[in-house]
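upload-v3.pdb (PDB, C-alpha atoms and all ligand atoms)
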ATOM      1  CA  MET Q 325     -32.839 -32.385  35.398  1.00  0.00           C
ATOM      2  CA  LEU Q 326     -31.537 -29.662  33.072  1.00  0.00           C
ATOM      3  CA  ALA Q 327     -27.920 -30.004  34.207  1.00  0.00           C
ATOM      4  CA  PRO Q 328     -25.619 -31.996  31.947  1.00  0.00           C
ATOM      5  CA  PRO Q 329     -24.687 -35.466  33.088  1.00  0.00           C
ATOM      6  CA  GLN Q 330     -21.606 -35.692  35.301  1.00  0.00           C
ATOM      7  CA  ASN Q 331     -19.407 -37.153  32.624  1.00  0.00           C
ATOM      8  CA  TRP Q 332     -20.769 -35.401  29.574  1.00  0.00           C
ATOM      9  CA  TRP Q 333     -17.484 -35.800  27.739  1.00  0.00           C
ATOM     10  CA  LYS Q 334     -16.549 -39.016  26.105  1.00  0.00           C
ATOM     11  CA  PRO Q 335     -13.088 -40.256  25.162  1.00  0.00           C
ATOM     12  CA  LEU Q 336     -12.091 -39.251  21.633  1.00  0.00           C
ATOM     13  CA  SER Q 337     -13.100 -41.668  18.969  1.00  0.00           C
ATOM     14  CA  ARG Q 338     -10.327 -43.096  16.829  1.00  0.00           C
ATOM     15  CA  MET Q 339     -11.193 -40.812  13.930  1.00  0.00           C
ATOM     16  CA  GLU Q 340     -11.256 -37.673  16.062  1.00  0.00           C
ATOM     17  CA  ARG Q 341      -7.987 -38.534  17.744  1.00  0.00           C
ATOM     18  CA  SER Q 342      -6.338 -39.039  14.354  1.00  0.00           C
ATOM     19  CA  TRP Q 343      -7.441 -35.592  13.215  1.00  0.00           C
ATOM     20  CA  VAL Q 344      -6.198 -33.915  16.373  1.00  0.00           C
ATOM     21  CA  ILE Q 345      -2.810 -35.551  15.798  1.00  0.00           C
ATOM     22  CA  VAL Q 346      -2.785 -34.506  12.129  1.00  0.00           C
ATOM     23  CA  ALA Q 347      -3.595 -30.884  13.054  1.00  0.00           C
ATOM     24  CA  PHE Q 348      -0.978 -30.838  15.804  1.00  0.00           C
ATOM     25  CA  VAL Q 349       1.748 -32.250  13.567  1.00  0.00           C
ATOM     26  CA  TRP Q 350       0.847 -29.744  10.858  1.00  0.00           C
ATOM     27  CA  CYS Q 351       1.162 -26.882  13.361  1.00  0.00           C
ATOM     28  CA  LEU Q 352       4.663 -28.120  14.208  1.00  0.00           C
ATOM     29  CA  VAL Q 353       5.583 -28.382  10.513  1.00  0.00           C
ATOM     30  CA  LEU Q 354       4.439 -24.820   9.799  1.00  0.00           C
ATOM     31  CA  THR Q 355       6.217 -23.470  12.860  1.00  0.00           C
ATOM     32  CA  ILE Q 356       9.482 -25.094  11.773  1.00  0.00           C
ATOM     33  CA  MET Q 357       8.991 -23.973   8.162  1.00  0.00           C
ATOM     34  CA  MET Q 358       8.811 -20.280   9.103  1.00  0.00           C
ATOM     35  CA  PRO Q 359      12.452 -19.863  10.166  1.00  0.00           C
ATOM     36  CA  LEU Q 360      13.626 -22.592   7.745  1.00  0.00           C
ATOM     37  CA  TRP Q 361      12.069 -20.873   4.751  1.00  0.00           C
ATOM     38  CA  PHE Q 362      13.640 -17.602   5.750  1.00  0.00           C
ATOM     39  CA  PHE Q 363      17.049 -19.143   5.030  1.00  0.00           C
ATOM     40  CA  LEU Q 364      16.226 -21.691   2.311  1.00  0.00           C
ATOM     41  CA  GLY Q 365      13.293 -20.194   0.450  1.00  0.00           C
ATOM     42  CA  ARG Q 366      15.205 -17.518  -1.452  1.00  0.00           C
ATOM     43  CA  GLN Q 367      12.124 -15.358  -0.988  1.00  0.00           C
ATOM     44  CA  ASN Q 368      13.665 -12.515   0.948  1.00  0.00           C
ATOM     45  CA  VAL Q 369      15.332  -9.753  -0.967  1.00  0.00           C
ATOM     46  CA  PRO Q 370      18.677  -9.060   0.709  1.00  0.00           C
ATOM     47  CA  VAL Q 371      18.311  -5.411   1.562  1.00  0.00           C
ATOM     48  CA  THR Q 372      20.751  -3.017   3.193  1.00  0.00           C
ATOM     49  CA  THR Q 373      19.640   0.442   4.217  1.00  0.00           C
ATOM     50  CA  TYR Q 374      21.596   3.655   4.492  1.00  0.00           C
ATOM     51  CA  ARG Q 375      20.694   7.152   5.583  1.00  0.00           C
ATOM     52  CA  VAL Q 376      20.948   9.671   2.793  1.00  0.00           C
ATOM     53  CA  THR Q 377      19.721  13.213   2.237  1.00  0.00           C
ATOM     54  CA  GLN Q 378      17.387  13.824  -0.663  1.00  0.00           C
ATOM     55  CA  ALA Q 379      19.974  16.132  -2.256  1.00  0.00           C
ATOM     56  CA  GLU Q 380      22.715  13.485  -2.002  1.00  0.00           C
ATOM     57  CA  TYR Q 381      20.529  10.818  -3.505  1.00  0.00           C
ATOM     58  CA  PHE Q 382      19.398  13.126  -6.285  1.00  0.00           C
ATOM     59  CA  GLU Q 383      23.037  13.790  -7.093  1.00  0.00           C
ATOM     60  CA  SER Q 384      23.842  10.050  -7.273  1.00  0.00           C
ATOM     61  CA  VAL Q 385      20.904   9.445  -9.595  1.00  0.00           C
ATOM     62  CA  ASN Q 386      21.894  12.279 -11.902  1.00  0.00           C
ATOM     63  CA  ALA Q 387      25.529  11.130 -12.062  1.00  0.00           C
ATOM     64  CA  PHE Q 388      24.277   7.602 -12.813  1.00  0.00           C
ATOM     65  CA  VAL Q 389      21.999   8.820 -15.608  1.00  0.00           C
ATOM     66  CA  GLU Q 390      24.690  11.035 -17.085  1.00  0.00           C
ATOM     67  CA  GLU Q 391      27.148   8.173 -17.246  1.00  0.00           C
ATOM     68  CA  TYR Q 392      24.989   5.384 -18.650  1.00  0.00           C
ATOM     69  CA  GLN Q 393      22.068   6.909 -20.555  1.00  0.00           C
ATOM     70  CA  VAL Q 394      21.438   5.136 -23.877  1.00  0.00           C
ATOM     71  CA  ASP Q 395      17.985   6.311 -24.902  1.00  0.00           C
ATOM     72  CA  THR Q 396      14.914   8.297 -23.919  1.00  0.00           C
ATOM     73  CA  LEU Q 397      11.435   6.944 -23.350  1.00  0.00           C
ATOM     74  CA  GLN Q 398       8.547   9.420 -23.121  1.00  0.00           C
ATOM     75  CA  GLY Q 399      10.920  12.096 -21.899  1.00  0.00           C
ATOM     76  CA  ILE Q 400      12.560   9.857 -19.297  1.00  0.00           C
ATOM     77  CA  PRO Q 401      16.137   8.664 -19.799  1.00  0.00           C
ATOM     78  CA  VAL Q 402      16.736   4.973 -20.412  1.00  0.00           C
ATOM     79  CA  VAL Q 403      19.875   3.879 -18.597  1.00  0.00           C
ATOM     80  CA  GLU Q 404      21.958   0.783 -19.269  1.00  0.00           C
ATOM     81  CA  PRO Q 405      24.528   0.290 -16.501  1.00  0.00           C
ATOM     82  CA  PRO Q 406      27.276  -2.346 -16.714  1.00  0.00           C
ATOM     83  CA  PRO Q 407      26.567  -5.726 -15.044  1.00  0.00           C
ATOM     84  CA  GLY Q 408      27.493  -5.877 -11.382  1.00  0.00           C
ATOM     85  CA  SER Q 409      27.186  -2.143 -10.876  1.00  0.00           C
ATOM     86  CA  ASP Q 410      25.150   0.108  -8.650  1.00  0.00           C
ATOM     87  CA  VAL Q 411      21.817   1.010 -10.168  1.00  0.00           C
ATOM     88  CA  TYR Q 412      19.806   4.007  -8.990  1.00  0.00           C
ATOM     89  CA  LEU Q 413      16.054   4.401  -9.119  1.00  0.00           C
ATOM     90  CA  LEU Q 414      14.286   7.416  -7.766  1.00  0.00           C
ATOM     91  CA  ALA Q 415      10.634   7.710  -6.834  1.00  0.00           C
ATOM     92  CA  ARG Q 416       8.819  11.017  -6.744  1.00  0.00           C
ATOM     93  CA  GLN Q 417       5.302  12.303  -7.224  1.00  0.00           C
ATOM     94  CA  TRP Q 418       4.443  10.715  -9.610  1.00  0.00           C
ATOM     95  CA  GLN Q 419       7.225   9.159 -11.524  1.00  0.00           C
ATOM     96  CA  TRP Q 420       9.977   6.552 -11.441  1.00  0.00           C
ATOM     97  CA  TYR Q 421      13.296   7.874 -12.713  1.00  0.00           C
ATOM     98  CA  PRO Q 422      15.080   6.692 -14.821  1.00  0.00           C
ATOM     99  CA  VAL Q 423      14.022   3.646 -16.887  1.00  0.00           C
ATOM    100  CA  LEU Q 424      16.440   0.782 -16.220  1.00  0.00           C
ATOM    101  CA  LYS Q 425      17.820  -1.562 -18.829  1.00  0.00           C
ATOM    102  CA  LEU Q 426      19.482  -4.616 -17.278  1.00  0.00           C
ATOM    103  CA  LYS Q 427      21.071  -7.848 -18.457  1.00  0.00           C
ATOM    104  CA  LYS Q 428      19.597 -11.239 -17.683  1.00  0.00           C
ATOM    105  CA  GLY Q 429      21.589 -13.358 -15.226  1.00  0.00           C
ATOM    106  CA  GLU Q 430      23.725 -10.475 -13.951  1.00  0.00           C
ATOM    107  CA  GLU Q 431      23.696  -9.144 -10.415  1.00  0.00           C
ATOM    108  CA  TYR Q 432      22.997  -5.498  -9.664  1.00  0.00           C
ATOM    109  CA  ARG Q 433      22.793  -3.413  -6.552  1.00  0.00           C
ATOM    110  CA  LEU Q 434      19.470  -1.642  -6.894  1.00  0.00           C
ATOM    111  CA  HIS Q 435      19.236   1.604  -4.919  1.00  0.00           C
ATOM    112  CA  LEU Q 436      15.799   2.970  -4.106  1.00  0.00           C
ATOM    113  CA  SER Q 437      14.837   6.221  -2.470  1.00  0.00           C
ATOM    114  CA  SER Q 438      12.154   8.871  -2.613  1.00  0.00           C
ATOM    115  CA  MET Q 439      12.340  12.604  -3.212  1.00  0.00           C
ATOM    116  CA  ASP Q 440       9.144  13.453  -1.365  1.00  0.00           C
ATOM    117  CA  THR Q 441       6.818  11.040   0.356  1.00  0.00           C
ATOM    118  CA  GLN Q 442       6.494   7.291   0.829  1.00  0.00           C
ATOM    119  CA  HIS Q 443       6.127   5.192  -2.318  1.00  0.00           C
ATOM    120  CA  GLY Q 444       5.961   1.464  -2.939  1.00  0.00           C
ATOM    121  CA  PHE Q 445       8.101  -0.301  -5.521  1.00  0.00           C
ATOM    122  CA  SER Q 446       6.176  -3.197  -6.989  1.00  0.00           C
ATOM    123  CA  LEU Q 447       7.670  -5.164  -9.859  1.00  0.00           C
ATOM    124  CA  GLN Q 448       5.090  -6.757 -12.141  1.00  0.00           C
ATOM    125  CA  PRO Q 449       4.342  -9.572 -12.727  1.00  0.00           C
ATOM    126  CA  THR Q 450       6.811 -10.797 -10.098  1.00  0.00           C
ATOM    127  CA  ASN Q 451       6.132 -10.692  -6.384  1.00  0.00           C
ATOM    128  CA  LEU Q 452       8.822  -8.151  -5.539  1.00  0.00           C
ATOM    129  CA  ASN Q 453       7.657  -5.326  -3.274  1.00  0.00           C
ATOM    130  CA  LEU Q 454       9.844  -2.786  -1.515  1.00  0.00           C
ATOM    131  CA  GLN Q 455       9.081   0.299   0.503  1.00  0.00           C
ATOM    132  CA  VAL Q 456      10.564   3.516  -0.845  1.00  0.00           C
ATOM    133  CA  LEU Q 457      11.116   6.217   1.742  1.00  0.00           C
ATOM    134  CA  PRO Q 458      12.728   9.647   1.641  1.00  0.00           C
ATOM    135  CA  THR Q 459      16.123   9.933   3.414  1.00  0.00           C
ATOM    136  CA  TYR Q 460      16.644   6.168   3.257  1.00  0.00           C
ATOM    137  CA  ASP Q 461      18.690   4.474   0.561  1.00  0.00           C
ATOM    138  CA  TYR Q 462      17.482   0.882   0.205  1.00  0.00           C
ATOM    139  CA  VAL Q 463      19.969  -1.320  -1.598  1.00  0.00           C
ATOM    140  CA  ALA Q 464      18.613  -4.614  -2.868  1.00  0.00           C
ATOM    141  CA  LYS Q 465      20.750  -7.207  -4.623  1.00  0.00           C
ATOM    142  CA  ILE Q 466      18.828  -8.352  -7.657  1.00  0.00           C
ATOM    143  CA  ILE Q 467      19.503 -10.792 -10.491  1.00  0.00           C
ATOM    144  CA  PRO Q 468      17.010 -10.615 -13.374  1.00  0.00           C
ATOM    145  CA  THR Q 469      16.186 -14.209 -14.251  1.00  0.00           C
ATOM    146  CA  GLN Q 470      14.107 -13.652 -17.376  1.00  0.00           C
ATOM    147  CA  SER Q 471      14.398 -11.269 -20.279  1.00  0.00           C
ATOM    148  CA  GLY Q 472      11.500  -9.036 -21.259  1.00  0.00           C
ATOM    149  CA  GLU Q 473       9.762  -5.960 -19.984  1.00  0.00           C
ATOM    150  CA  TYR Q 474       8.690  -5.721 -16.383  1.00  0.00           C
ATOM    151  CA  GLY Q 475       6.230  -3.149 -15.156  1.00  0.00           C
ATOM    152  CA  ILE Q 476       6.785  -1.020 -12.081  1.00  0.00           C
ATOM    153  CA  ILE Q 477       3.794   0.332 -10.214  1.00  0.00           C
ATOM    154  CA  CYS Q 478       3.581   2.344  -7.037  1.00  0.00           C
ATOM    155  CA  ASN Q 479       1.689   0.302  -4.461  1.00  0.00           C
ATOM    156  CA  GLU Q 480       1.725   2.865  -1.659  1.00  0.00           C
ATOM    157  CA  TYR Q 481      -0.862   5.591  -2.014  1.00  0.00           C
ATOM    158  CA  CYS Q 482       1.146   8.773  -2.615  1.00  0.00           C
ATOM    159  CA  GLY Q 483      -1.332  11.418  -3.701  1.00  0.00           C
ATOM    160  CA  ILE Q 484      -3.568  12.435  -6.544  1.00  0.00           C
ATOM    161  CA  GLY Q 485      -1.303  11.050  -9.311  1.00  0.00           C
ATOM    162  CA  HIS Q 486      -0.623   7.734  -7.584  1.00  0.00           C
ATOM    163  CA  HIS Q 487      -2.355   5.698 -10.303  1.00  0.00           C
ATOM    164  CA  ILE Q 488      -0.189   7.106 -13.095  1.00  0.00           C
ATOM    165  CA  MET Q 489       3.044   6.359 -11.282  1.00  0.00           C
ATOM    166  CA  THR Q 490       4.193   3.515 -13.513  1.00  0.00           C
ATOM    167  CA  SER Q 491       7.380   2.649 -15.330  1.00  0.00           C
ATOM    168  CA  LYS Q 492       9.277  -0.373 -16.511  1.00  0.00           C
ATOM    169  CA  VAL Q 493      12.477  -2.343 -16.268  1.00  0.00           C
ATOM    170  CA  ILE Q 494      13.802  -3.736 -19.518  1.00  0.00           C
ATOM    171  CA  VAL Q 495      15.766  -6.981 -19.249  1.00  0.00           C
ATOM    172  CA  THR Q 496      17.821  -8.030 -22.263  1.00  0.00           C
ATOM    173  CA  GLU Q 497      19.483 -11.404 -23.031  1.00  0.00           C
TER     174      GLU Q 497
HETATM  175 CU    CU X   1       4.003   6.693  -5.478  1.00  0.00          CU
END
Taking this structure as input, can you express it in the form of structure tokens?
Amino acid sequence: MLAPPQNWWKPLSRMERSWVIVAFVWCLVLTIMMPLWFFLGRQNVPVTTYRVTQAEYFESVNAFVEEYQVDTLQGIPVVEPPPGSDVYLLARQWQWYPVLKLKKGEEYRLHLSSMDTQHGFSLQPTNLNLQVLPTYDYVAKIIPTQSGEYGIICNEYCGIGHHIMTSKVIVTE
């Protein structure tokens, strides 16, 4: 008497069947969108990675600063490299070095590496996030699309001064 009836299930009603079909089709759409968006979405930063020693990277950054420094901001050099060139940014506890000044609409090869531990490059207010690791030189092709000042914050906890590890990228017309 307590057991369910033999055929407790009933065929799907029209409404329920429609929703199952809608959900199934949507699953297919999302599955197809994943690889499609990888190629068409222009959301992935093209990144190449090289091995580098901290000393080598430090040398590249210093040569870069020496060649293109135009100003100083709170003791940190402001560097304006020519469009299309290699741009070096160094992360260390707890500073980004140097401050970059770039031109809108021009492509740059942005190099990122760390002198000590893992840091996270996060460009505000855009949604650009890159890992910064010691002994790896990450090269991202970037084209600034809007002029103005962008903030950089470290979004990977890197020690007691993590919260003061901020900087900016200046983009001119
Ligand atoms: Cu950091």
How would you write, as a VMD selection string, the set of residues no farther than 10 Å from ligand CU 1 (chain X) when counting all atoms listed in the file? chain Q and resid 415 to 420 438 440 to 445 456 477 to 490
Pull C-alpha atoms from the residues just selected and write them as an mmCIF file, keeping the file's coordinate frame.
data_model
loop_
_atom_site.group_PDB
_atom_site.id
_atom_site.type_symbol
_atom_site.label_atom_id
_atom_site.label_comp_id
_atom_site.auth_asym_id
_atom_site.auth_seq_id
_atom_site.Cartn_x
_atom_site.Cartn_y
_atom_site.Cartn_z
ATOM 1 C CA ALA Q 415 10.634 7.710 -6.834
ATOM 2 C CA ARG Q 416 8.819 11.017 -6.744
ATOM 3 C CA GLN Q 417 5.302 12.303 -7.224
ATOM 4 C CA TRP Q 418 4.443 10.715 -9.610
ATOM 5 C CA GLN Q 419 7.225 9.159 -11.524
ATOM 6 C CA TRP Q 420 9.977 6.552 -11.441
ATOM 7 C CA SER Q 438 12.154 8.871 -2.613
ATOM 8 C CA ASP Q 440 9.144 13.453 -1.365
ATOM 9 C CA THR Q 441 6.818 11.040 0.356
ATOM 10 C CA GLN Q 442 6.494 7.291 0.829
ATOM 11 C CA HIS Q 443 6.127 5.192 -2.318
ATOM 12 C CA GLY Q 444 5.961 1.464 -2.939
ATOM 13 C CA PHE Q 445 8.101 -0.301 -5.521
ATOM 14 C CA VAL Q 456 10.564 3.516 -0.845
ATOM 15 C CA ILE Q 477 3.794 0.332 -10.214
ATOM 16 C CA CYS Q 478 3.581 2.344 -7.037
ATOM 17 C CA ASN Q 479 1.689 0.302 -4.461
ATOM 18 C CA GLU Q 480 1.725 2.865 -1.659
ATOM 19 C CA TYR Q 481 -0.862 5.591 -2.014
ATOM 20 C CA CYS Q 482 1.146 8.773 -2.615
ATOM 21 C CA GLY Q 483 -1.332 11.418 -3.701
ATOM 22 C CA ILE Q 484 -3.568 12.435 -6.544
ATOM 23 C CA GLY Q 485 -1.303 11.050 -9.311
ATOM 24 C CA HIS Q 486 -0.623 7.734 -7.584
ATOM 25 C CA HIS Q 487 -2.355 5.698 -10.303
ATOM 26 C CA ILE Q 488 -0.189 7.106 -13.095
ATOM 27 C CA MET Q 489 3.044 6.359 -11.282
ATOM 28 C CA THR Q 490 4.193 3.515 -13.513
#
Any chance you could work out the residue set of the PyMOL selection byres (((chain Q and resi 467) around 8) and not hetatm) here, as an MDAnalysis selection string? chainID Q and resid 428:432 465:466 468:469
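We find atom CA of Leu452 of chain Q and atom CA of Met439 of chain Q to be spaced 21.2 Å apart.
In this structure, atom CA of Val463 of chain Q sits 23.7 Å away from atom CA of Glu497 of chain Q.
Distance-wise, atom CA of Leu424 of chain Q and atom CA of Glu404 of chain Q end up 6.3 Å apart.
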Would you translate the PyMOL selection byres (((chain Q and resi 435) around 12) and not hetatm) into the concrete set of residues it matches in this file, as a compact mmCIF listing (two decimals) with C-alpha atoms, in the coordinates of the input?
# COMPACT_ATOMS: atom_id res chain seq x y z
CA VAL Q 371 18.31 -5.41 1.56
CA THR Q 372 20.75 -3.02 3.19
CA THR Q 373 19.64 0.44 4.22
CA TYR Q 374 21.60 3.66 4.49
CA ARG Q 375 20.69 7.15 5.58
CA VAL Q 376 20.95 9.67 2.79
CA TYR Q 381 20.53 10.82 -3.50
CA PHE Q 382 19.40 13.13 -6.28
CA SER Q 384 23.84 10.05 -7.27
CA VAL Q 385 20.90 9.44 -9.60
CA PHE Q 388 24.28 7.60 -12.81
CA SER Q 409 27.19 -2.14 -10.88
CA ASP Q 410 25.15 0.11 -8.65
CA VAL Q 411 21.82 1.01 -10.17
CA TYR Q 412 19.81 4.01 -8.99
CA LEU Q 413 16.05 4.40 -9.12
CA LEU Q 414 14.29 7.42 -7.77
CA ALA Q 415 10.63 7.71 -6.83
CA TYR Q 421 13.30 7.87 -12.71
CA PRO Q 422 15.08 6.69 -14.82
CA LEU Q 424 16.44 0.78 -16.22
CA TYR Q 432 23.00 -5.50 -9.66
CA ARG Q 433 22.79 -3.41 -6.55
CA LEU Q 434 19.47 -1.64 -6.89
CA LEU Q 436 15.80 2.97 -4.11
CA SER Q 437 14.84 6.22 -2.47
CA SER Q 438 12.15 8.87 -2.61
CA PHE Q 445 8.10 -0.30 -5.52
CA LEU Q 454 9.84 -2.79 -1.52
CA GLN Q 455 9.08 0.30 0.50
CA VAL Q 456 10.56 3.52 -0.84
CA LEU Q 457 11.12 6.22 1.74
CA TYR Q 460 16.64 6.17 3.26
CA ASP Q 461 18.69 4.47 0.56
CA TYR Q 462 17.48 0.88 0.20
CA VAL Q 463 19.97 -1.32 -1.60
CA ALA Q 464 18.61 -4.61 -2.87
CA LYS Q 465 20.75 -7.21 -4.62
CA ILE Q 466 18.83 -8.35 -7.66
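Once the PyMOL selection byres (((chain Q and resi 491) around 6) and not hetatm) is applied to the shown structure, the selection contains Gly475, Ile476, Thr490 and Lys492 of chain Q.
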Kindly compute an axis-aligned box around the listed atoms of segment 391-395 of chain Q, allowing 6 Å on each side, and express its centre and edge lengths in Å to one decimal as JSON.
{"center_x": 22.6, "center_y": 6.7, "center_z": -21.1, "size_x": 21.2, "size_y": 15.0, "size_z": 19.7}
From the options Q:Trp350, Q:Pro405, Q:Met358, Q:Asn368, which residue's atoms come nearest to Glu391 of chain Q, counting all atoms listed in the file? Q:Pro405
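Considering the residues Q:Pro449, Q:Pro458, Q:Pro329, Q:Pro407 and counting all atoms listed in the file, Thr496 of chain Q has its shortest atom-to-atom contact with Q:Pro407.
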